[in-house]
Amino acid sequence: MIYIKGYQHFLSDKGLDKKKEGVGYGFIFNELERIEKKTNHGSNVKRCRVVKKEYPNRIELKIFQDTDFIVGQSSQKKASPKQSECNELVKGEAEKNKILNTNRSKQRFMDLIETNITGQCYFWTYTFKQDIKDLSEANYQFNKFIKRLKYQLDKPIKYVAVPELQKKYDRNVWHYHVIFFDIGRVDWSKMGSIWGLGYVYVKRIEQNNGLAIAHYMSKYLTKASDVTHGKKKYFASRNLDRPKKTWHNIDDAIIKLFETYDFIERASLNDYLGYIRYYSFDLKKSWH
């Protein structure tokens, strides 16, 4: 058993007991050694239990103990029979499916933000002077603004936007929270005139901590989910980068992450996917 000192350990209520310091990851060799034996040698498919996502300043690992993912040339990711059986169990359970879809949408949203926080980024809030209470009308006006902005700036823009229902002062009207990524220098008064529908607030993002900013913006997404009712919960430009996502078993490169970078762990017990360990490696903080 190998222990790493000086590291924070976060676990869910369904996971293991909290540890004050250090973590053993000998389970990597013990629990997953048999997965290598199950690999279909001589074919194009491979059974994997590690999902790796790469962000600009962070690497995230998701290690499944009870579920295999089959990766091959014909498909990047296929569910094993066991996972397919689990998916059958939730068919017809509308509430569980709603929660799953909401969580997936939130994760995609946060991935976009964390991956694209580079350069000069700004947080904007766009409000309406008129009492626009219909979300379809608000979205129509916002999309027209984006078209005007592209024309006026005459360059590609990268952004994510979340509508929020303002409930202050009994107005109950919509407004938008927007991050423009790496937009450079902008004439603020010009931006306000391009919007032309109400007040505009802007704040420069001083520290490009992608994960923290993604969590901050996700609170608006959660609020939007309560009232959008099948409408788009957020808008994003098509030119945004996505995190690189690959499937692995434990190899030397995975082990080296544990030995090189500071990391945080949490664990959960999923009703359908079994026991899952999550690891977040900070690429700016190494042990050496």
# chains A, B, ... in the order shown; residues from 1 in each chain; ligands from 1
>>> select_by_dssp(residues="range 98-148 of chain A", states="helix (DSSP H, G or I)", output="ChimeraX atom specification")
/A:98-116,135-148
>>> write_last_selection(atoms="C-alpha atoms", output="PDB file, in the first residue's frame")
ATOM      1  CA  LYS A  98     -34.852  14.413 -15.283  1.00  0.00           C
ATOM      2  CA  ILE A  99     -32.171  14.487 -12.590  1.00  0.00           C
ATOM      3  CA  LEU A 100     -29.696  12.595 -14.804  1.00  0.00           C
ATOM      4  CA  ASN A 101     -30.303  14.947 -17.749  1.00  0.00           C
ATOM      5  CA  THR A 102     -29.938  18.006 -15.533  1.00  0.00           C
ATOM      6  CA  ASN A 103     -26.643  16.735 -14.129  1.00  0.00           C
ATOM      7  CA  ARG A 104     -25.290  15.973 -17.602  1.00  0.00           C
ATOM      8  CA  SER A 105     -26.289  19.408 -18.874  1.00  0.00           C
ATOM      9  CA  LYS A 106     -24.634  21.060 -15.878  1.00  0.00           C
ATOM     10  CA  GLN A 107     -21.426  19.069 -16.401  1.00  0.00           C
ATOM     11  CA  ARG A 108     -21.254  19.999 -20.110  1.00  0.00           C
ATOM     12  CA  PHE A 109     -21.810  23.638 -19.172  1.00  0.00           C
ATOM     13  CA  MET A 110     -19.055  23.607 -16.555  1.00  0.00           C
ATOM     14  CA  ASP A 111     -16.685  21.791 -18.929  1.00  0.00           C
ATOM     15  CA  LEU A 112     -17.107  24.556 -21.521  1.00  0.00           C
ATOM     16  CA  ILE A 113     -16.272  27.266 -19.005  1.00  0.00           C
ATOM     17  CA  GLU A 114     -13.283  25.562 -17.417  1.00  0.00           C
ATOM     18  CA  THR A 115     -11.759  24.650 -20.779  1.00  0.00           C
ATOM     19  CA  ASN A 116     -12.088  28.129 -22.306  1.00  0.00           C
ATOM     20  CA  LEU A 135     -38.531  33.439 -22.139  1.00  0.00           C
ATOM     21  CA  SER A 136     -38.952  32.845 -25.887  1.00  0.00           C
ATOM     22  CA  GLU A 137     -39.079  36.591 -26.512  1.00  0.00           C
ATOM     23  CA  ALA A 138     -36.075  37.192 -24.225  1.00  0.00           C
ATOM     24  CA  ASN A 139     -34.053  34.500 -26.047  1.00  0.00           C
ATOM     25  CA  TYR A 140     -35.016  36.010 -29.396  1.00  0.00           C
ATOM     26  CA  GLN A 141     -33.741  39.430 -28.334  1.00  0.00           C
ATOM     27  CA  PHE A 142     -30.528  37.973 -26.902  1.00  0.00           C
ATOM     28  CA  ASN A 143     -29.742  36.046 -30.102  1.00  0.00           C
ATOM     29  CA  LYS A 144     -30.295  39.227 -32.146  1.00  0.00           C
ATOM     30  CA  PHE A 145     -27.831  41.009 -29.849  1.00  0.00           C
ATOM     31  CA  ILE A 146     -25.189  38.309 -30.436  1.00  0.00           C
ATOM     32  CA  LYS A 147     -25.593  38.759 -34.210  1.00  0.00           C
ATOM     33  CA  ARG A 148     -25.192  42.540 -33.859  1.00  0.00           C
TER      34      ARG A 148
END
>>> residues_around(residues="Ile205 in chain A", least_positions_apart="3", cutoff="7 Å", atoms="only C-alpha atoms", output="VMD selection string")
chain A and resid 121 to 123 208
>>> write_last_selection(atoms="N, CA, C and O atoms", output="PDB file, in the first residue's frame")
ATOM      1  N   CYS A 121     -10.906  37.574 -20.077  1.00  0.00           N
ATOM      2  CA  CYS A 121     -12.291  37.113 -20.014  1.00  0.00           C
ATOM      3  C   CYS A 121     -13.100  38.084 -19.144  1.00  0.00           C
ATOM      4  O   CYS A 121     -12.587  38.627 -18.169  1.00  0.00           O
ATOM      5  N   TYR A 122     -14.372  38.254 -19.491  1.00  0.00           N
ATOM      6  CA  TYR A 122     -15.227  39.195 -18.784  1.00  0.00           C
ATOM      7  C   TYR A 122     -16.572  38.568 -18.461  1.00  0.00           C
ATOM      8  O   TYR A 122     -17.110  37.779 -19.236  1.00  0.00           O
ATOM      9  N   PHE A 123     -17.091  38.960 -17.303  1.00  0.00           N
ATOM     10  CA  PHE A 123     -18.405  38.524 -16.867  1.00  0.00           C
ATOM     11  C   PHE A 123     -19.375  39.685 -17.067  1.00  0.00           C
ATOM     12  O   PHE A 123     -19.177  40.767 -16.512  1.00  0.00           O
ATOM     13  N   ASN A 208      -7.893  33.508 -13.778  1.00  0.00           N
ATOM     14  CA  ASN A 208      -8.525  32.515 -14.643  1.00  0.00           C
ATOM     15  C   ASN A 208      -8.551  31.132 -13.980  1.00  0.00           C
ATOM     16  O   ASN A 208      -7.954  30.177 -14.462  1.00  0.00           O
TER      17      ASN A 208
END
>>> residues_around(residues="Trp287 in chain A", least_positions_apart="4", cutoff="8 Å", atoms="only C-alpha atoms", output="mmCIF file with C-alpha atoms, in the first residue's frame")
data_model
loop_
_atom_site.group_PDB
_atom_site.id
_atom_site.type_symbol
_atom_site.label_atom_id
_atom_site.label_comp_id
_atom_site.auth_asym_id
_atom_site.auth_seq_id
_atom_site.Cartn_x
_atom_site.Cartn_y
_atom_site.Cartn_z
ATOM 1 C CA GLU A 259 3.114 10.529 -7.753
ATOM 2 C CA THR A 260 3.588 13.959 -9.344
ATOM 3 C CA TYR A 261 0.653 16.291 -8.653
ATOM 4 C CA ASP A 262 -1.344 17.497 -5.703
#
>>> closest_atom_pairs(of="range 191-237 of chain A", to="range 161-164 of chain A", cutoff="8 Å", atoms="only C-alpha atoms", output="tab-separated table")
residue	atom	partner	partner_atom	distance
A:Tyr220	CA	A:Glu164	CA	6.6
A:Leu221	CA	A:Val162	CA	6.3
A:Lys223	CA	A:Glu164	CA	6.9
A:Ala224	CA	A:Glu164	CA	5.6
A:Lys233	CA	A:Val162	CA	6.5
A:Tyr234	CA	A:Val162	CA	4.6
A:Phe235	CA	A:Ala161	CA	5.0
A:Ala236	CA	A:Ala161	CA	6.4
>>> write_last_selection(atoms="C-alpha atoms", output="compact mmCIF listing (two decimals), in the first residue's frame")
# COMPACT_ATOMS: atom_id res chain seq x y z
CA TYR A 220 -27.30 30.49 -12.32
CA LEU A 221 -27.82 27.37 -14.40
CA LYS A 223 -31.81 28.59 -10.95
CA ALA A 224 -32.65 28.54 -14.66
CA LYS A 233 -30.98 26.39 -20.10
CA TYR A 234 -27.89 28.07 -21.54
CA PHE A 235 -26.41 29.34 -24.81
CA ALA A 236 -22.87 28.74 -26.03
>>> residues_around(residues="Gly184 in chain A", least_positions_apart="5", cutoff="12 Å", atoms="only C-alpha atoms", output="list in words")
Thr118, Gly119, Gln120, Cys121, Tyr122, Leu153, Lys155, Pro156, Ile157, Lys158, Arg204 and Ile205 of chain A
>>> atom_distance(atom1="CA of Leu61 in chain A", atom2="CA of Leu283 in chain A")
13.1 Å
>>> atom_distance(atom1="CA of Val200 in chain A", atom2="CA of Thr127 in chain A")
6.4 Å
>>> closest_residue(among="A:Gly210, A:His175, A:Asp182, A:Gly196", to="Pro243 in chain A", atoms="only C-alpha atoms")
A:Gly210
>>> closest_atom_pairs(of="range 178-268 of chain A", to="range 50-56 of chain A", cutoff="7 Å", atoms="only C-alpha atoms", output="Markdown table")
| residue | atom | partner | partner_atom | distance |
| --- | --- | --- | --- | --- |
| A:Pro243 | CA | A:Tyr55 | CA | 5.4 |
| A:Lys244 | CA | A:Glu54 | CA | 5.1 |
| A:Lys245 | CA | A:Lys53 | CA | 4.5 |
| A:Thr246 | CA | A:Lys52 | CA | 5.3 |
| A:Trp247 | CA | A:Val51 | CA | 4.7 |
| A:His248 | CA | A:Val50 | CA | 5.0 |
| A:Asn249 | CA | A:Val50 | CA | 5.5 |
>>> residues_around(residues="Asp187 in chain A", least_positions_apart="5", cutoff="12 Å", atoms="only C-alpha atoms", output="number ranges by chain")
A: 149, 152-153, 192-194, 202
